[in-house]
Amino acid sequence: MLCQRDEQRGGAARLLPEAPGAGKVQNIAPGVQNVDPGMQNTHPGVCKILTLDVFADSTVLRERSRIRPELVPDRSTSVQPTSRVLSSSLGALLLFQECIKPVKVEKQAGKAAAKIRIEADGSYFQIDQDGGAQKLEKAKITLNDCLACSGCITSAESVLITQQSHEELCKVLAGNKAAAPNEQKLVVVSVSPQSRASLAAKCKMGVLETAKKLTTFLKSLGVHYVFDTTFSRNFSLLESQREFVRRFRRQTEDRKALPMLASACPGWICYAEKTHGSFIIPYISTTKSPQQVMGSLVKGYFAEQQHLTPDQIYHVTVMPCYDKKLEASRPDFFNQQYQTRDVDCVITTGEVLKLLEQEGVSLSDVDPGPLDTMLSSAAEELSTHPGGGSGGYLEHIYRHAAKELFGIHVDAIEYKPLKNKDFQEVTLQRDGEVLLQFALAYGFRNIQNLVQKLKRGKSPYHYVEVMACPSGCLNGGGQIKLEGGSKDELQHVERLYESPKAEIPEENQAVAELYEHWLGGRDSEKAVGTLHTEYHPVEKANTSFNIKW
């Protein structure tokens, strides 16, 4: 039988009867597809999903979406994708980019091939010889299945995610209210500044007003605390700064110490592990992303302050990116002792909007509430980090390295655009000598070029801020798409994102307090274990149609 997914986003996989010619590979050319220039700033990954409706005597292919143009080498031309179907005694989940999950199917001897009826709502019914109809079951694909597969780059949009959705959050909140007091969990939501800016743009409000009203709304649903991941990003920036300096100083004895590649983007990490594995992993920064640092703080420090164990807290994050759901599901971020994840559930900015619509609430009509802080010494106001909508990693590391390594204080940073606005360079020179050369590479076209330069030994960079989404995190696939021109709306979101007061991580007293009193110092074993992680090459499936990038 064939197990295939046929819905554009978050749909279910269906079990279909085995087609004739079992065990053979059928090549299906869906025809030439024109690349839509208007899709250039969309979230990278699988956009075009080819549905294969397999009947007893035919195979029908349906097209449900469009190809991501940033994955097309030459956007000015049409491309002709080819999909392959493997019919065998095992089923397979088919996506455009070779996402495969085996499904065991019990075969009954003597049974003739059944007919399939497709209802108007897309449901499949198997019609037996007696005319009886049986609705075909759904096969669920877990996040761990996705992480174990080597068939795609960023598959979060294309996988049925059963425990990472606003529906799951609603179930948990409802169950929490019905539970006995001693069995209830403390529900914490951590909101990313990119998501907050997107919501503010949608609701035509400022980011501070949006933050206060969102806090009220979430608490009305049963959430107990609402935090801002700008706080945890302080740790990510500081650890990235120090890690770069250490790598720079050991580059003579370690050929893979530089360039250091950013690690905050899970789409990029997924691609690196699955496509380039052991070659690329040594270059990637070991510093956790702000989401996962927040997970460590909430299930660690905050749990201790509340006199709770980590499993007594249900931690939700609001993120601009679907791949953050995959990141939260990594085994590296699972507490074996308490059998709980650092981040239990990730919902996107768009899913917050769905929550509001589901409750019949307009965020602009909600009363503002006070902002929560993890420490009493933390400022009860919003702040941001300069350096762009993806966290400002390049600028913070650049300034820190210039001062720490060469005693140079950097004021303004001048970017030099290369082939496109998503690939830019920054260079520090003294007396004509290049001391530091940094770059930012957004979108998979630029990432692929970067990796190829590395493989040829032609990369001149010491550090690269790598992000999977064109234009960075503010343009993540989970953000709210507004009416009007995409360029204008993105610029509006950028202005909102940059509107809070800029802060310097080294000057944040609450961060310094946690380093000293909870982590036991900046270079302590606990600090390293809490703020750093590791990566794992994913072995390629032994198939004849692995996709090469």
# chains A, B, ... in the order shown; residues from 1 in each chain; ligands from 1
>>> select_by_dssp(residues="range 114-289 of chain A", states="alpha helix (DSSP H)", output="ChimeraX atom specification")
/A:143-148,166-178,193-203,207-220,230-249,266-271,277-280
>>> closest_atom_pairs(of="range 308-334 of chain A", to="range 182-190 of chain A", cutoff="6 Å", atoms="only C-alpha atoms", output="tab-separated table")
residue	atom	partner	partner_atom	distance
A:Gln312	CA	A:Lys185	CA	5.1
A:Ile313	CA	A:Leu186	CA	4.7
A:Tyr314	CA	A:Val187	CA	4.8
A:His315	CA	A:Val188	CA	4.9
A:Val316	CA	A:Val189	CA	4.6
A:Thr317	CA	A:Ser190	CA	4.6
>>> write_last_selection(atoms="N, CA, C and O atoms", output="PDB file, in the first residue's frame")
ATOM      1  N   GLN A 312       6.747  19.700  35.665  1.00  0.00           N
ATOM      2  CA  GLN A 312       5.549  20.356  36.178  1.00  0.00           C
ATOM      3  C   GLN A 312       5.277  21.688  35.465  1.00  0.00           C
ATOM      4  O   GLN A 312       4.327  22.383  35.802  1.00  0.00           O
ATOM      5  N   ILE A 313       6.121  22.008  34.507  1.00  0.00           N
ATOM      6  CA  ILE A 313       5.936  23.224  33.718  1.00  0.00           C
ATOM      7  C   ILE A 313       5.665  22.828  32.273  1.00  0.00           C
ATOM      8  O   ILE A 313       6.339  21.961  31.721  1.00  0.00           O
ATOM      9  N   TYR A 314       4.670  23.450  31.656  1.00  0.00           N
ATOM     10  CA  TYR A 314       4.389  23.267  30.235  1.00  0.00           C
ATOM     11  C   TYR A 314       4.841  24.540  29.544  1.00  0.00           C
ATOM     12  O   TYR A 314       4.264  25.617  29.744  1.00  0.00           O
ATOM     13  N   HIS A 315       5.882  24.419  28.733  1.00  0.00           N
ATOM     14  CA  HIS A 315       6.509  25.599  28.134  1.00  0.00           C
ATOM     15  C   HIS A 315       6.183  25.696  26.651  1.00  0.00           C
ATOM     16  O   HIS A 315       6.452  24.775  25.877  1.00  0.00           O
ATOM     17  N   VAL A 316       5.613  26.826  26.252  1.00  0.00           N
ATOM     18  CA  VAL A 316       5.221  27.090  24.871  1.00  0.00           C
ATOM     19  C   VAL A 316       6.033  28.271  24.346  1.00  0.00           C
ATOM     20  O   VAL A 316       6.278  29.230  25.085  1.00  0.00           O
ATOM     21  N   THR A 317       6.464  28.197  23.096  1.00  0.00           N
ATOM     22  CA  THR A 317       7.098  29.366  22.480  1.00  0.00           C
ATOM     23  C   THR A 317       6.295  29.807  21.268  1.00  0.00           C
ATOM     24  O   THR A 317       5.648  28.997  20.611  1.00  0.00           O
TER      25      THR A 317
END
>>> closest_residue(among="A:Ala527, A:Leu496, A:Ala502, A:Leu261", to="Ala441 in chain A", atoms="only C-alpha atoms")
A:Leu261
>>> atom_distance(atom1="CA of Lys274 in chain A", atom2="CA of His536 in chain A")
8.7 Å
>>> closest_atom_pairs(of="range 428-501 of chain A", to="range 394-399 of chain A", cutoff="12 Å", atoms="only C-alpha atoms", output="tab-separated table")
residue	atom	partner	partner_atom	distance
A:Leu428	CA	A:Tyr398	CA	8.7
A:Leu435	CA	A:Tyr398	CA	10.8
A:Leu436	CA	A:Tyr398	CA	8.0
A:Gln437	CA	A:Tyr398	CA	8.9
A:Phe438	CA	A:Leu394	CA	7.2
A:Ala439	CA	A:Leu394	CA	7.5
A:Leu440	CA	A:Leu394	CA	7.3
A:Ala441	CA	A:Leu394	CA	10.7
A:Tyr461	CA	A:Leu394	CA	11.8
A:His462	CA	A:Tyr398	CA	9.8
A:Tyr463	CA	A:Leu394	CA	7.6
A:Val464	CA	A:Leu394	CA	7.2
A:Glu465	CA	A:Leu394	CA	5.8
A:Val466	CA	A:Leu394	CA	9.5
A:Met467	CA	A:Leu394	CA	11.6
>>> write_last_selection(atoms="C-alpha atoms", output="compact mmCIF listing (two decimals), in the first residue's frame")
# COMPACT_ATOMS: atom_id res chain seq x y z
CA LEU A 428 37.63 45.15 9.40
CA LEU A 435 41.70 41.60 10.18
CA LEU A 436 38.14 40.30 10.11
CA GLN A 437 35.85 39.41 7.25
CA PHE A 438 32.24 38.58 8.12
CA ALA A 439 29.20 37.87 5.97
CA LEU A 440 25.49 37.24 6.23
CA ALA A 441 23.92 34.61 3.98
CA TYR A 461 35.16 34.56 5.92
CA HIS A 462 35.78 34.28 9.65
CA TYR A 463 32.08 34.30 10.58
CA VAL A 464 28.81 33.95 8.63
CA GLU A 465 25.33 34.73 9.96
CA VAL A 466 23.33 31.99 8.20
CA MET A 467 19.53 32.04 7.99
>>> select_by_dssp(residues="range 168-221 of chain A", states="strand (DSSP E)", output="ChimeraX atom specification")
/A:186-191
>>> write_last_selection(atoms="N, CA, C and O atoms", output="short mmCIF file (atom, residue, chain, number, x, y, z; two decimals), in the first residue's frame")
data_model
loop_
_atom_site.label_atom_id
_atom_site.label_comp_id
_atom_site.auth_asym_id
_atom_site.auth_seq_id
_atom_site.Cartn_x
_atom_site.Cartn_y
_atom_site.Cartn_z
N LEU A 186 2.18 24.40 35.49
CA LEU A 186 2.38 25.84 35.32
C LEU A 186 2.65 26.07 33.83
O LEU A 186 3.58 25.51 33.26
N VAL A 187 1.83 26.88 33.19
CA VAL A 187 1.94 27.10 31.75
C VAL A 187 2.68 28.42 31.50
O VAL A 187 2.25 29.48 31.96
N VAL A 188 3.77 28.32 30.77
CA VAL A 188 4.61 29.48 30.45
C VAL A 188 4.68 29.63 28.94
O VAL A 188 4.92 28.66 28.22
N VAL A 189 4.47 30.84 28.44
CA VAL A 189 4.61 31.13 27.01
C VAL A 189 5.75 32.14 26.83
O VAL A 189 5.78 33.18 27.49
N SER A 190 6.67 31.82 25.94
CA SER A 190 7.78 32.72 25.62
C SER A 190 7.59 33.21 24.19
O SER A 190 7.51 32.40 23.26
N VAL A 191 7.52 34.53 24.02
CA VAL A 191 7.20 35.13 22.72
C VAL A 191 8.46 35.72 22.09
O VAL A 191 9.19 36.48 22.75
#
